[in-house]
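Participant: Here you go, this is query.txt (compact mmCIF, C-alpha atoms).
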```
# COMPACT_ATOMS: atom_id res chain seq x y z
CA MET T 567 31.03 80.21 59.90
CA GLY T 568 31.86 80.37 63.57
CA ILE T 569 34.78 82.31 65.06
CA PHE T 570 36.46 79.06 66.11
CA ASP T 571 36.23 77.47 62.67
CA PHE T 572 39.92 78.14 61.99
CA LEU T 573 40.66 75.53 64.67
CA ARG T 574 39.27 72.74 62.55
CA LYS T 575 40.26 73.42 58.98
CA GLY T 576 39.62 70.40 56.82
CA PRO T 577 40.24 69.94 53.10
CA GLN T 578 38.50 72.80 51.33
CA ASN T 579 35.73 72.45 48.79
CA THR T 580 36.05 68.81 47.85
CA ALA T 581 32.74 69.12 45.96
CA SER T 582 34.33 71.17 43.18
CA LEU T 583 37.18 68.68 43.04
CA ALA T 584 34.63 65.89 42.58
CA LYS T 585 32.87 67.83 39.86
CA ASN T 586 36.04 68.51 37.91
CA ARG T 587 37.22 64.91 38.10
CA LEU T 588 33.84 63.61 36.97
CA THR T 589 33.46 66.09 34.13
CA ILE T 590 36.73 64.95 32.58
CA LEU T 591 36.19 61.24 33.23
CA ILE T 592 32.63 61.10 31.95
CA GLN T 593 33.52 63.00 28.78
CA GLU T 594 36.28 60.48 28.08
CA GLU T 595 34.01 57.53 28.78
CA ARG T 596 31.31 58.93 26.51
CA ASP T 597 33.78 59.51 23.69
CA ARG T 598 35.07 55.98 24.01
CA SER T 599 31.60 54.48 23.82
CA GLY T 600 30.57 56.73 20.94
CA ARG T 601 27.73 58.21 22.96
CA GLY T 602 26.28 61.58 22.17
CA ALA T 603 27.23 61.07 18.53
CA PRO T 604 24.53 61.90 15.97
CA ASP T 605 22.27 58.90 15.39
CA TYR T 606 22.76 58.96 11.60
CA LEU T 607 26.37 57.78 12.01
CA PRO T 608 25.68 54.01 11.73
CA LEU T 609 23.63 54.50 8.55
CA LEU T 610 26.20 56.90 7.10
CA ARG T 611 28.89 54.34 7.83
CA ARG T 612 26.91 51.55 6.14
CA GLU T 613 26.17 53.57 3.00
CA LEU T 614 29.73 54.81 2.70
CA LEU T 615 30.89 51.22 2.93
CA GLU T 616 28.55 50.24 0.09
CA VAL T 617 29.82 53.06 -2.14
CA ILE T 618 33.46 52.30 -1.42
CA ARG T 619 32.89 48.63 -2.13
CA LYS T 620 31.82 49.48 -5.66
CA PHE T 621 35.41 50.50 -6.31
CA VAL T 622 37.61 48.80 -3.75
CA ASN T 623 37.16 45.49 -2.01
CA VAL T 624 37.40 46.57 1.61
CA ASP T 625 36.64 44.86 4.89
CA ALA T 626 33.26 45.30 6.61
CA ASN T 627 34.95 47.24 9.40
CA ALA T 628 37.23 49.27 7.15
CA VAL T 629 35.14 52.40 7.50
CA ASP T 630 35.25 54.29 10.75
CA VAL T 631 33.04 57.32 11.27
CA LYS T 632 33.14 59.45 14.36
CA THR T 633 32.56 62.93 15.61
CA HIS T 634 34.52 64.92 18.11
CA LYS T 635 34.65 68.44 19.38
CA ASP T 636 37.43 70.77 18.34
CA GLY T 637 37.15 74.02 20.20
CA ASP T 638 33.60 75.18 19.62
CA HIS T 639 32.84 73.20 16.46
CA ASP T 640 32.09 69.55 15.78
CA VAL T 641 34.35 67.57 13.48
CA LEU T 642 33.13 64.61 11.45
CA GLU T 643 36.04 62.28 10.99
CA LEU T 644 36.07 59.51 8.37
CA SER T 645 38.79 56.97 8.23
CA ILE T 646 38.84 54.29 5.57
CA ALA T 647 41.38 51.52 5.72
CA LEU T 648 42.28 50.32 2.23
CA PRO T 649 43.59 46.79 1.66
CA ASP T 650 47.31 46.37 0.87
CA LYS T 651 46.63 45.50 -2.77
CA PRO T 652 43.49 47.26 -3.90
CA SER T 653 41.50 45.08 -6.26
CA PRO T 654 38.54 46.47 -8.21
CA ALA T 655 35.61 44.63 -6.63
CA ALA T 656 33.19 45.67 -9.34
CA ALA T 657 35.36 44.22 -12.09
CA ASN T 658 35.58 40.88 -10.29
CA GLY T 659 31.79 40.77 -10.29
CA MET M 508 -1.93 52.54 27.74
CA THR M 509 0.37 50.95 30.27
CA GLU M 510 3.59 52.79 30.94
CA ASN M 511 6.65 50.87 32.08
CA ILE M 512 8.90 52.85 34.41
CA VAL M 513 12.28 51.43 35.39
CA VAL M 514 13.96 52.63 38.58
CA THR M 515 17.66 52.06 38.08
CA SER M 516 21.09 53.39 39.07
CA GLY M 517 24.02 51.11 38.36
CA LYS M 518 25.42 51.55 41.83
CA GLY M 519 23.87 49.75 44.78
CA GLY M 520 22.57 51.33 47.96
CA VAL M 521 21.54 54.65 46.46
CA GLY M 522 17.81 54.23 47.12
CA LYS M 523 16.29 52.35 44.18
CA THR M 524 13.93 50.20 46.22
CA THR M 525 12.94 53.07 48.50
CA THR M 526 12.23 55.09 45.35
CA SER M 527 10.32 52.29 43.58
CA ALA M 528 8.10 51.80 46.61
CA SER M 529 7.39 55.50 47.09
CA ILE M 530 6.78 56.22 43.41
CA ALA M 531 4.42 53.23 43.14
CA VAL M 532 2.50 54.31 46.24
CA GLY M 533 2.44 57.93 45.07
CA LEU M 534 0.90 56.91 41.74
CA ALA M 535 -1.63 54.58 43.39
CA LYS M 536 -2.58 57.34 45.82
CA ARG M 537 -3.67 59.35 42.77
CA GLY M 538 -5.96 56.56 41.70
CA LYS M 539 -3.66 54.96 39.16
CA LYS M 540 -3.55 51.19 38.80
CA VAL M 541 0.03 50.26 39.58
CA ALA M 542 2.16 47.12 39.76
CA VAL M 543 5.63 47.29 41.26
CA ILE M 544 8.01 44.47 40.36
CA ASP M 545 11.20 43.45 42.15
CA PHE M 546 13.78 42.41 39.51
CA ASP M 547 16.46 41.67 42.10
CA VAL M 548 16.20 37.89 41.86
CA GLY M 549 18.00 36.21 44.74
CA LEU M 550 17.96 39.32 46.92
CA ARG M 551 14.28 40.08 47.44
CA ASN M 552 13.76 43.36 49.36
CA LEU M 553 10.92 45.34 47.86
CA ASP M 554 8.42 43.24 49.85
CA LEU M 555 10.03 44.43 53.11
CA ILE M 556 9.99 48.09 52.10
CA MET M 557 6.35 47.74 51.00
CA GLY M 558 5.50 45.91 54.24
CA CYS M 559 4.05 42.80 52.57
CA GLU M 560 6.88 40.32 53.30
CA ARG M 561 4.61 37.92 55.17
CA ARG M 562 2.18 37.66 52.28
CA VAL M 563 4.52 36.47 49.54
CA VAL M 564 3.35 33.07 48.30
CA TYR M 565 4.35 33.12 44.65
CA ASP M 566 6.94 35.37 43.05
CA PHE M 567 8.00 36.84 39.71
CA VAL M 568 10.09 33.79 38.76
CA ASN M 569 7.17 31.44 39.51
CA VAL M 570 5.07 33.42 37.05
CA ILE M 571 7.78 33.42 34.40
CA HIS M 572 8.18 29.65 34.73
CA ASN M 573 4.42 29.12 34.61
CA GLU M 574 4.33 27.67 38.12
CA CYS M 575 1.40 29.93 38.94
CA GLY M 576 -0.77 32.54 37.30
CA LEU M 577 0.10 36.24 37.41
CA LYS M 578 -2.97 37.01 39.51
CA GLN M 579 -1.90 34.51 42.15
CA ALA M 580 1.48 36.17 42.48
CA LEU M 581 0.33 39.80 42.59
CA ILE M 582 0.12 40.89 46.22
CA LYS M 583 -2.59 43.47 46.77
CA ASP M 584 -1.47 46.38 48.92
CA LYS M 585 -3.36 46.83 52.20
CA ARG M 586 -3.46 50.62 51.87
CA TYR M 587 -4.37 51.16 48.22
CA GLU M 588 -6.53 48.74 46.35
CA THR M 589 -5.11 49.68 42.94
CA LEU M 590 -1.57 48.84 44.02
CA PHE M 591 0.05 45.42 43.57
CA VAL M 592 3.48 44.04 44.40
CA LEU M 593 5.25 41.29 42.49
CA ALA M 594 8.06 39.98 44.68
CA ALA M 595 11.42 38.64 43.51
CA SER M 596 12.39 35.06 44.11
CA GLN M 597 14.87 34.41 46.92
CA THR M 598 15.92 30.97 45.90
CA ARG M 599 16.62 31.23 42.19
CA ASP M 600 19.55 32.86 40.47
CA LYS M 601 19.46 35.79 38.10
CA ASP M 602 19.29 33.54 35.03
CA ALA M 603 15.80 32.54 36.10
CA LEU M 604 14.55 35.68 34.36
CA THR M 605 14.16 35.51 30.59
CA GLN M 606 13.40 38.25 28.12
CA ASP M 607 10.37 36.36 26.75
CA GLY M 608 9.11 35.69 30.27
CA VAL M 609 9.39 39.34 31.31
CA GLN M 610 7.71 40.41 28.07
CA ARG M 611 4.82 38.02 28.72
CA VAL M 612 4.28 39.33 32.28
CA LEU M 613 4.36 42.95 31.09
CA ASP M 614 1.93 42.15 28.26
CA GLU M 615 -0.41 40.50 30.70
CA LEU M 616 -0.28 43.54 33.02
CA ALA M 617 -1.05 45.75 30.03
CA ALA M 618 -4.04 43.53 29.18
CA GLU M 619 -5.24 43.95 32.79
CA GLU M 620 -5.22 47.71 32.14
CA PHE M 621 -2.56 48.71 34.60
CA ASP M 622 -1.65 52.38 34.22
CA TYR M 623 1.94 51.97 35.42
CA VAL M 624 4.36 49.13 35.96
CA VAL M 625 7.29 50.19 38.14
CA CYS M 626 10.32 47.93 37.63
CA ASP M 627 12.74 47.99 40.56
CA SER M 628 16.13 47.17 39.03
CA PRO M 629 18.93 45.36 40.81
CA ALA M 630 22.30 47.12 41.09
CA GLY M 631 24.95 46.44 38.48
CA ILE M 632 24.62 46.13 34.71
CA GLU M 633 23.98 42.39 34.44
CA LYS M 634 20.98 40.44 33.28
CA GLY M 635 18.48 41.51 35.96
CA ALA M 636 19.30 45.18 35.46
CA PHE M 637 19.22 44.76 31.68
CA LEU M 638 15.79 43.07 31.73
CA ALA M 639 14.39 45.65 34.16
CA MET M 640 15.24 48.45 31.72
CA TYR M 641 14.70 46.65 28.40
CA PHE M 642 10.95 47.29 28.09
CA ALA M 643 10.96 50.73 29.73
CA ASP M 644 9.10 53.72 28.38
CA ARG M 645 10.57 55.90 31.10
CA ALA M 646 13.51 55.59 33.41
CA ILE M 647 14.11 57.09 36.81
CA VAL M 648 17.86 57.10 37.37
CA VAL M 649 18.53 57.33 41.09
CA VAL M 650 21.77 59.09 41.91
CA ASN M 651 23.55 60.24 45.07
CA PRO M 652 25.72 63.39 44.95
CA GLU M 653 28.83 61.25 45.17
CA VAL M 654 31.46 60.43 42.52
CA SER M 655 30.92 56.69 42.03
CA SER M 656 27.16 57.00 41.91
CA VAL M 657 27.29 59.81 39.33
CA ARG M 658 29.73 57.90 37.16
CA ASP M 659 27.61 54.74 37.29
CA SER M 660 24.45 56.63 36.41
CA ASP M 661 26.17 57.95 33.30
CA ARG M 662 26.85 54.36 32.27
CA ILE M 663 23.20 53.52 32.88
CA LEU M 664 22.10 56.51 30.79
CA GLY M 665 24.28 55.15 28.00
CA LEU M 666 22.63 51.72 28.23
CA LEU M 667 19.16 53.27 28.27
CA SER M 668 19.91 54.95 24.97
CA SER M 669 21.22 51.78 23.31
CA LYS M 670 20.15 48.55 25.05
CA THR M 671 16.41 49.04 25.34
CA LYS M 672 13.60 47.85 23.13
CA ARG M 673 12.75 51.45 22.26
CA ALA M 674 16.33 52.21 21.25
CA GLU M 675 16.61 49.04 19.18
CA ALA M 676 13.30 49.59 17.42
CA GLY M 677 14.09 53.26 16.79
CA ALA M 678 10.78 53.96 18.56
CA GLY M 679 11.93 57.14 20.25
CA LYS M 680 14.05 57.55 23.32
CA VAL M 681 13.27 56.17 26.74
CA GLN M 682 12.26 59.26 28.69
CA GLU M 683 14.98 59.80 31.28
CA HIS M 684 14.53 61.37 34.70
CA LEU M 685 17.21 61.96 37.27
CA LEU M 686 16.28 61.59 40.93
CA LEU M 687 18.85 62.91 43.36
CA THR M 688 18.67 61.17 46.74
CA ARG M 689 20.52 61.54 50.07
CA TYR M 690 20.95 65.24 49.36
CA ASN M 691 22.36 67.21 52.25
CA PRO M 692 21.96 70.99 51.67
CA THR M 693 24.14 71.87 54.66
CA ARG M 694 27.07 69.90 53.26
CA VAL M 695 26.45 71.34 49.80
CA ALA M 696 26.58 74.87 51.26
CA ALA M 697 29.85 73.98 52.98
CA GLY M 698 31.32 72.79 49.66
CA ASP M 699 31.60 69.19 50.85
CA MET M 700 28.95 67.77 48.54
CA MET M 701 28.15 68.27 44.87
CA SER M 702 25.09 70.46 44.27
CA ILE M 703 22.01 69.79 42.15
CA ASP M 704 23.48 72.04 39.45
CA ASP M 705 26.77 70.15 39.53
CA VAL M 706 25.11 66.78 38.99
CA GLU M 707 22.76 68.12 36.30
CA GLU M 708 25.67 69.71 34.48
CA ILE M 709 27.86 66.59 34.60
CA LEU M 710 25.13 64.23 33.42
CA GLY M 711 23.41 66.67 31.08
CA ILE M 712 19.87 66.03 32.31
CA LYS M 713 17.58 67.77 34.77
CA VAL M 714 16.45 66.28 38.07
CA VAL M 715 12.80 65.35 38.51
CA GLY M 716 13.16 65.40 42.27
CA VAL M 717 15.62 65.93 45.09
CA ILE M 718 15.17 63.77 48.17
CA PRO M 719 16.93 65.18 51.21
CA GLU M 720 18.93 62.90 53.45
CA SER M 721 16.42 62.13 56.16
CA GLU M 722 15.91 59.98 59.22
CA GLY M 723 12.43 59.34 57.90
CA VAL M 724 13.78 56.96 55.24
CA LEU M 725 15.20 54.50 57.76
CA ALA M 726 12.14 54.82 59.98
CA ALA M 727 9.96 54.05 56.97
CA SER M 728 11.87 50.94 55.97
CA ASN M 729 11.97 49.82 59.60
CA SER M 730 8.20 49.90 59.69
CA GLY M 731 7.44 48.71 56.14
CA VAL M 732 5.59 51.88 55.21
CA PRO M 733 6.99 53.62 52.11
CA VAL M 734 8.40 56.99 53.15
CA ILE M 735 6.07 58.89 50.82
CA LEU M 736 3.29 58.09 53.30
CA ASP M 737 5.15 59.86 56.11
CA GLU M 738 3.96 63.43 55.79
CA SER M 739 6.14 64.53 58.69
CA SER M 740 9.26 63.60 56.78
CA ASN M 741 10.86 65.93 54.25
CA ALA M 742 11.90 62.91 52.19
CA GLY M 743 8.28 61.79 52.00
CA LEU M 744 7.12 65.24 50.88
CA ALA M 745 9.94 65.41 48.32
CA TYR M 746 8.81 62.06 46.86
CA GLU M 747 5.27 63.39 46.70
CA ASP M 748 6.58 66.34 44.65
CA ALA M 749 8.58 64.02 42.40
CA VAL M 750 5.48 61.94 41.60
CA ALA M 751 3.56 65.12 40.77
CA ARG M 752 6.34 66.19 38.40
CA LEU M 753 6.40 62.76 36.76
CA LEU M 754 2.73 63.31 36.00
CA GLY M 755 3.51 66.66 34.44
CA GLU M 756 2.72 69.04 37.30
CA GLU M 757 4.97 71.99 38.03
CA ARG M 758 6.33 72.03 41.56
CA THR M 759 9.16 74.10 42.98
CA MET M 760 11.96 72.14 44.62
CA ARG M 761 11.77 72.05 48.40
CA PHE M 762 14.31 71.17 51.09
CA ILE M 763 17.28 72.13 48.95
CA GLU M 764 18.52 75.07 51.02
CA ALA M 765 20.58 74.68 54.18
CA PRO M 766 18.56 75.60 57.27
CA LYS M 767 19.33 79.06 58.56
CA LYS M 768 21.61 79.06 61.55
CA GLY M 769 20.65 80.73 64.80
CA PHE M 770 22.71 83.40 66.51
CA PHE M 771 24.76 81.03 68.67
CA GLN M 772 25.47 78.73 65.77
CA ARG M 773 26.65 81.64 63.68
CA VAL M 774 29.02 82.85 66.41
CA PHE M 775 30.32 79.53 67.68
CA GLY M 776 29.89 77.30 64.63
CA ALA M 777 27.60 74.34 64.31
```
For the structure just supplied, provide its representation as structure tokens.
Facilitator:
Amino acid sequence: MGIFDFLRKGPQNTASLAKNRLTILIQEERDRSGRGAPDYLPLLRRELLEVIRKFVNVDANAVDVKTHKDGDHDVLELSIALPDKPSPAAANG
Amino acid sequence: MTENIVVTSGKGGVGKTTTSASIAVGLAKRGKKVAVIDFDVGLRNLDLIMGCERRVVYDFVNVIHNECGLKQALIKDKRYETLFVLAASQTRDKDALTQDGVQRVLDELAAEEFDYVVCDSPAGIEKGAFLAMYFADRAIVVVNPEVSSVRDSDRILGLLSSKTKRAEAGAGKVQEHLLLTRYNPTRVAAGDMMSIDDVEEILGIKVVGVIPESEGVLAASNSGVPVILDESSNAGLAYEDAVARLLGEERTMRFIEAPKKGFFQRVFGA
């Protein structure tokens, strides 16, 4: 810091601005791509699908499994889309 | 065991080729048998940085298309006899590389008992970049302390954890290293540039080296001598440290503090 620095004030501390923008953006991009999620999720999803299909004839992509952070704990979120008219798959053979 | 190391970044112009050349030389200097491959088909540049541009007869694509043998295409370095360069083709397009072809070349290098194969990735996330990282055991992600570079390296880290042979086979993660280049401690101290801590925190991995912004890098590429061989340059010494860390040595980070200002600078500003 020189005594004449006040003569050439530029935008202050753009580095912290960069850091804040990136922190938010990268978190969003990671969430969207499902990165950082536990690696058992695909298997869990597949097995859940198998179990559900014993009772209801659902689509291959009817089961959605994801994790997200809520405050300081992780939430495992399952969403299962049922068909409009549930038909017992097992009974149909 | 041959270890495949990809040098990648997503963004262009951050120092991938400079890094590939210096890491390869640094490993060879320690007696390792090293091949460094330019995956940037169409835009060959590694040969220039390595200083062997006049000796390219056959290239990587020639080998993949069986137009020559691997040994004919490997250019032996004039400084280290365990170091070889495989140049990219200038005339073909990026589709000239195939996954099977790359696999075959890497297998052949492994059979020749190379210790390390350094794969210099092209920028972007297309085929060349994908093939450069696909067979990697380790990845050096080159990043500048700048928003677009940091964002792109996060994308690359995502691809490394999903689109590699190791990831697909469930054979353990590709070992990821972050290499921060063009670091300017004076600008960091002034709050104009993100710090090492900032970048590590955003990306969630530690840096394996910090290469200061240095005139030595341009001088090195001008003369075709990888900057790691310039012991008068801080960038060269920082690459030397990075290679040591890659091999498991502990080294404290150098050149990461702003130089102390003298009396006149303190009073009148820089």
Participant: Show me, as a list in words, every residue of chain M with an atom at most 9 Å from chain T, counting all atoms listed in the file.
Facilitator: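 Here is what falls inside 9 Å: Glu653, Val654, Val657, Arg658, Asp661, Arg662, Gly665, Ser668, Val695, Ala697, Gly698, Asp699, Met700, Met701, Ser702, Asp705, Val706, Glu708, Ile709, Leu710, Phe771, Gln772, Arg773, Val774, Phe775, Gly776 and Ala777 of chain M.
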Participant: Generate a file of the selected residues that holds C-alpha atoms, formatted as a compact mmCIF listing (two decimals), keeping the file's coordinate frame.
Facilitator:
```txt
# COMPACT_ATOMS: atom_id res chain seq x y z
CA GLU M 653 28.83 61.25 45.17
CA VAL M 654 31.46 60.43 42.52
CA VAL M 657 27.29 59.81 39.33
CA ARG M 658 29.73 57.90 37.16
CA ASP M 661 26.17 57.95 33.30
CA ARG M 662 26.85 54.36 32.27
CA GLY M 665 24.28 55.15 28.00
CA SER M 668 19.91 54.95 24.97
CA VAL M 695 26.45 71.34 49.80
CA ALA M 697 29.85 73.98 52.98
CA GLY M 698 31.32 72.79 49.66
CA ASP M 699 31.60 69.19 50.85
CA MET M 700 28.95 67.77 48.54
CA MET M 701 28.15 68.27 44.87
CA SER M 702 25.09 70.46 44.27
CA ASP M 705 26.77 70.15 39.53
CA VAL M 706 25.11 66.78 38.99
CA GLU M 708 25.67 69.71 34.48
CA ILE M 709 27.86 66.59 34.60
CA LEU M 710 25.13 64.23 33.42
CA PHE M 771 24.76 81.03 68.67
CA GLN M 772 25.47 78.73 65.77
CA ARG M 773 26.65 81.64 63.68
CA VAL M 774 29.02 82.85 66.41
CA PHE M 775 30.32 79.53 67.68
CA GLY M 776 29.89 77.30 64.63
CA ALA M 777 27.60 74.34 64.31
```
Participant: Please list as number ranges by chain every residue within 6 Å of Val624 in chain M, counting only C-alpha atoms and excluding residues in the same chain fewer than 2 positions away.
Facilitator: M: 511, 541-543
Participant: Which distance in Å separates CA of Phe762 in chain M and CA of His684 in chain M, to one decimal?
Facilitator: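 Between CA of Phe762 in chain M and CA of His684 in chain M the gap works out to 19.1 Å.
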Participant: Quick one: residues within 9 Å of range 752-757 of chain M, all atoms listed in the file, excluding same-chain residues fewer than 5 positions away - as a PyMOL selection string?
Facilitator: chain M and resi 534+684+715-716+747
Participant: Do you know which residues are at most 12 Å from Arg673 in chain M counting only C-alpha atoms, after dropping those on the same chain fewer than 4 positions away, and could you put them as a VMD selection string?
Facilitator: chain M and resid 511 640 to 646 666 to 669 677 to 682
Participant: Please save C-alpha atoms of the selected residues as an mmCIF file, in the frame of the given file.
Facilitator:
```cif
data_model
loop_
_atom_site.group_PDB
_atom_site.id
_atom_site.type_symbol
_atom_site.label_atom_id
_atom_site.label_comp_id
_atom_site.auth_asym_id
_atom_site.auth_seq_id
_atom_site.Cartn_x
_atom_site.Cartn_y
_atom_site.Cartn_z
ATOM 1 C CA ASN M 511 6.650 50.870 32.080
ATOM 2 C CA MET M 640 15.240 48.450 31.720
ATOM 3 C CA TYR M 641 14.700 46.650 28.400
ATOM 4 C CA PHE M 642 10.950 47.290 28.090
ATOM 5 C CA ALA M 643 10.960 50.730 29.730
ATOM 6 C CA ASP M 644 9.100 53.720 28.380
ATOM 7 C CA ARG M 645 10.570 55.900 31.100
ATOM 8 C CA ALA M 646 13.510 55.590 33.410
ATOM 9 C CA LEU M 666 22.630 51.720 28.230
ATOM 10 C CA LEU M 667 19.160 53.270 28.270
ATOM 11 C CA SER M 668 19.910 54.950 24.970
ATOM 12 C CA SER M 669 21.220 51.780 23.310
ATOM 13 C CA GLY M 677 14.090 53.260 16.790
ATOM 14 C CA ALA M 678 10.780 53.960 18.560
ATOM 15 C CA GLY M 679 11.930 57.140 20.250
ATOM 16 C CA LYS M 680 14.050 57.550 23.320
ATOM 17 C CA VAL M 681 13.270 56.170 26.740
ATOM 18 C CA GLN M 682 12.260 59.260 28.690
#
```
Participant: Would you please work out which residue, of M:Ala595, M:Ile763, M:Val732, M:Leu664, is nearest to Ala528 in chain M when using only C-alpha atoms?
Facilitator: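 Going through M:Ala595, M:Ile763, M:Val732, M:Leu664 one by one, the smallest distance to Ala528 in chain M is for M:Val732.
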Participant: At a cut-off of 8 Å, using all atoms listed in the file, what residues contact His634 in chain T? Leave out same-chain residues fewer than 5 positions from it and give the result as JSON, numbers by chain.
Facilitator: {"T": [597, 640, 641, 642, 643]}
Participant: Find, counting all atoms listed in the file, the residue in M:Gln610, M:Thr759, M:Ser516, M:Thr688 that gets nearest to Pro629 in chain M.
Facilitator: M:Ser516
Participant: As an mmCIF file with C-alpha atoms, keeping the file's coordinate frame, please: the residues near Lys523 in chain M (cut-off 8 Å, only C-alpha atoms, same-chain neighbours under 3 positions excluded).
Facilitator:
```cif
data_model
loop_
_atom_site.group_PDB
_atom_site.id
_atom_site.type_symbol
_atom_site.label_atom_id
_atom_site.label_comp_id
_atom_site.auth_asym_id
_atom_site.auth_seq_id
_atom_site.Cartn_x
_atom_site.Cartn_y
_atom_site.Cartn_z
ATOM 1 C CA VAL M 514 13.960 52.630 38.580
ATOM 2 C CA THR M 515 17.660 52.060 38.080
ATOM 3 C CA SER M 516 21.090 53.390 39.070
ATOM 4 C CA GLY M 520 22.570 51.330 47.960
ATOM 5 C CA THR M 526 12.230 55.090 45.350
ATOM 6 C CA SER M 527 10.320 52.290 43.580
ATOM 7 C CA ASP M 627 12.740 47.990 40.560
ATOM 8 C CA SER M 628 16.130 47.170 39.030
ATOM 9 C CA VAL M 649 18.530 57.330 41.090
#
```
Participant: Between M:Val592, M:Leu687, M:Leu555, M:Leu604, which one has atoms that come closest to Val568 in chain M, using all atoms listed in the file?
Facilitator: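 Going through M:Val592, M:Leu687, M:Leu555, M:Leu604 one by one, the smallest distance to Val568 in chain M is for M:Leu604.
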Participant: Measure the distance from CA of Asp659 in chain M to CA of Val513 in chain M in Å and round it to one decimal.
Facilitator: 15.8 Å
